[in-house]
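Taking it in order: structure first as structure tokens, then the write-up.
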Amino acid sequence: MPVTAKDILYEDNHLIAINKRAGDIVQVDETHDEPLDEKVKKYIAITYNKPGSAFLGVVHRLDRPVSGVILFAKTSKALERMNAVFKNREVKKTYWAVVRNKPAVASGTLVHWLVKNPKTNVVTPYTTEVEGSQRAELSYRLITELGGYYLIEVNPLTGRSHQIRVQLSTMGCPIVGDNKYGYPRGSRKGSICLHARRLQFLHPVKKEPVNIFAKLPVDGFWERFEAF
């Protein structure tokens with residue numbers, strides 16, 4: 001599906017944020033499906049009547065089955081500065097995840113060392129540092145329980161591949177639909193119940209606080225949690 005005005009969460013001359021649909025890829029991969037960055041370029045070109053290809057820089061990424069806030073840069077200066085913001089961890093990322101198993105502890109911090117297998121695209125967690133591993137840290141808290149499902153808020157302090165998915169699974173709470181990391185079955189929609197809910201940072205050019213918030217998907221499941 002193309003990007004339309006209703007998908008835009010934030011936009012100015014420097015940045016544009018989209019409420020990504022689960023199933024969209026951010027950049028081209030081996031599937032050669034049309035990636036989100038190309039869809040956003042088309043939206044900008046059509047909306048602002050820009051001839052040729054509009055500039056768009058990918059600031060960060062979300063896994064294909066994940067929904068929610070994703071940010072792009074509309075200028076090379078904004079891209080360079082936002083890359084520094086993310087590298088220096090001057091951004092607060094908030095995710096919501098739905099699991100079937102109640103966390104043993106209602107809130108806490110998880111630290112693992114992760115190793116990604118590039119051939120299988122699977123991340124393996126370790127409790128201590130091993131060769132080739134990257135340190136991953138997140139904090140979490142249990143928000144509520146509804147109908148046997150538990151809603152967890154997650155704030156990753158690092159930005160590792162598949163980090164939230166593998167770390168929640170490691171504490172016994174695989175994300176609903178994520179059969180890659182321990183949930184018993186996958187989703188026929190190609191999605192998992194992980195949503196990038198909020199992104200907060202200081203604007204790299206205007207130096208003003210930016211708080212971008214993404215509504216939950218309308219898919220017959222997520223809506224029950226919107227009140228929280």
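Labels used: A, B, ... for chains in the order of the structure tokens, numbers from 1 for residues in each chain, and numbers from 1 for ligands as shown.
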Enumerate, in order of chain and increasing residue number, the residues of range 32-92 of chain A with an atom no farther than 9 Å from range 148-160 of chain A, each with its shortest atom pair and distance in Å to one decimal, counting only C-alpha atoms, as a Markdown table.
| residue | atom | partner | partner_atom | distance |
| --- | --- | --- | --- | --- |
| A:Phe86 | CA | A:Gly159 | CA | 8.6 |
| A:Arg89 | CA | A:Leu157 | CA | 7.4 |
| A:Lys92 | CA | A:Asn155 | CA | 7.3 |
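Every residue of range 64-220 of chain A found in alpha helix (DSSP H) when DSSP is run on the backbone appears here: Ser76, Lys77, Ala78, Leu79, Glu80, Arg81, Met82, Asn83, Ala84, Val85, Phe86, Lys87, Gln163, Ile164, Arg165, Val166, Gln167, Leu168, Ser169 and Thr170 of chain A.
Comparing A:Glu145, A:Leu114, A:Leu216, A:Lys189 by their smallest distance to Glu131 in chain A, the closest is A:Leu114 (using only C-alpha atoms).
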Select from chain A everything DSSP, run on the backbone, classes as strand (DSSP E or B), then give the selection as a short mmCIF file (atom, residue, chain, number, x, y, z; two decimals) with C-alpha atoms, in the first residue's frame.
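Wrote selection.cif, looks like this:
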data_model
loop_
_atom_site.label_atom_id
_atom_site.label_comp_id
_atom_site.auth_asym_id
_atom_site.auth_seq_id
_atom_site.Cartn_x
_atom_site.Cartn_y
_atom_site.Cartn_z
CA ILE A 8 2.27 10.70 8.64
CA LEU A 9 2.93 11.18 12.36
CA TYR A 10 5.31 14.14 12.13
CA GLU A 11 6.78 16.20 9.32
CA LEU A 15 12.27 15.03 9.20
CA ILE A 16 9.28 12.83 8.46
CA ALA A 17 7.89 10.09 10.70
CA ILE A 18 5.55 7.33 9.56
CA ASN A 19 3.28 4.93 11.44
CA LYS A 20 4.72 1.81 9.83
CA GLY A 57 17.70 9.12 4.64
CA VAL A 58 16.97 6.08 6.81
CA SER A 67 4.57 -1.72 13.47
CA GLY A 68 4.87 1.84 14.78
CA VAL A 69 6.98 5.00 14.66
CA ILE A 70 9.80 5.09 12.15
CA LEU A 71 11.75 8.24 11.36
CA PHE A 72 13.37 9.39 8.11
CA ALA A 73 15.51 12.43 7.30
CA VAL A 91 16.66 9.37 21.96
CA LYS A 92 14.02 7.62 24.06
CA LYS A 93 12.28 4.72 22.32
CA THR A 94 9.13 3.21 23.80
CA TYR A 95 7.62 -0.03 22.54
CA TRP A 96 4.53 -1.99 23.48
CA ALA A 97 4.61 -5.78 23.34
CA VAL A 98 1.87 -8.33 23.98
CA VAL A 99 2.79 -11.71 25.48
CA SER A 107 9.26 -4.50 36.07
CA GLY A 108 12.99 -4.63 35.69
CA THR A 109 16.06 -4.39 33.49
CA LEU A 110 17.38 -7.05 31.13
CA VAL A 111 21.03 -7.24 30.01
CA HIS A 112 22.31 -9.78 27.49
CA TRP A 113 25.09 -10.15 24.95
CA LEU A 114 23.68 -10.87 21.50
CA VAL A 115 25.19 -12.65 18.51
CA LYS A 116 23.42 -12.55 15.14
CA ASN A 117 23.79 -15.32 12.59
CA VAL A 122 18.48 -15.33 14.14
CA VAL A 123 19.94 -13.69 17.23
CA THR A 124 21.28 -15.78 20.12
CA PRO A 125 21.45 -14.25 23.64
CA TYR A 126 24.16 -14.91 26.21
CA GLN A 134 27.01 -6.90 21.42
CA ARG A 135 25.71 -5.76 24.77
CA ALA A 136 21.92 -5.24 24.84
CA GLU A 137 19.99 -3.55 27.63
CA LEU A 138 16.33 -2.69 28.08
CA SER A 139 13.92 -1.80 30.86
CA TYR A 140 10.35 -3.06 30.96
CA ARG A 141 7.18 -2.85 33.01
CA LEU A 142 3.92 -4.76 32.97
CA ILE A 143 1.04 -2.40 32.11
CA THR A 144 -2.05 -4.63 32.24
CA GLU A 145 -3.62 -8.03 31.57
CA LEU A 146 -6.61 -8.50 29.26
CA TYR A 149 -2.73 -11.47 27.28
CA TYR A 150 -0.19 -9.24 29.01
CA LEU A 151 0.78 -5.78 27.75
CA ILE A 152 4.39 -4.83 28.44
CA GLU A 153 6.04 -1.45 27.91
CA VAL A 154 9.68 -1.66 26.84
CA ASN A 155 12.37 1.02 26.69
CA PRO A 156 15.47 -0.29 24.91
CA ILE A 175 5.92 -11.94 21.84
CA LEU A 194 5.38 -5.49 18.92
CA HIS A 195 4.64 -1.81 18.27
CA ALA A 196 6.99 1.19 18.34
CA ARG A 197 4.73 3.42 20.44
CA ARG A 198 6.75 6.59 20.97
CA LEU A 199 9.96 8.35 19.91
CA GLN A 200 11.34 11.31 21.88
CA PHE A 201 14.41 13.41 21.09
CA LEU A 202 15.71 16.96 20.69
CA PRO A 209 11.76 18.62 22.05
CA VAL A 210 10.04 16.23 19.65
CA ASN A 211 7.55 13.66 20.93
CA ILE A 212 6.16 11.36 18.22
CA PHE A 213 3.34 9.01 19.19
#
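The smallest atom-to-atom distance between Thr75 in chain A and any of A:Thr170, A:Gln27, A:Asn179, A:Asn13, using only C-alpha atoms, is found for A:Asn13.
Among the candidates A:Val3, A:Ala106, A:Ala22, A:Ala78, the one nearest to Lys42 in chain A when counting only C-alpha atoms is A:Val3.
Atom pair CA of Glu129 in chain A / CA of Val66 in chain A: separated by 27.6 Å.
Of the listed residues A:Asp33, A:Pro118, A:Val105, A:His60, the one whose atoms come nearest to Val85 in chain A is A:His60, with distances taken using only C-alpha atoms.
Between CA of Ala5 in chain A and CA of Ile46 in chain A the separation is 11.3 Å.
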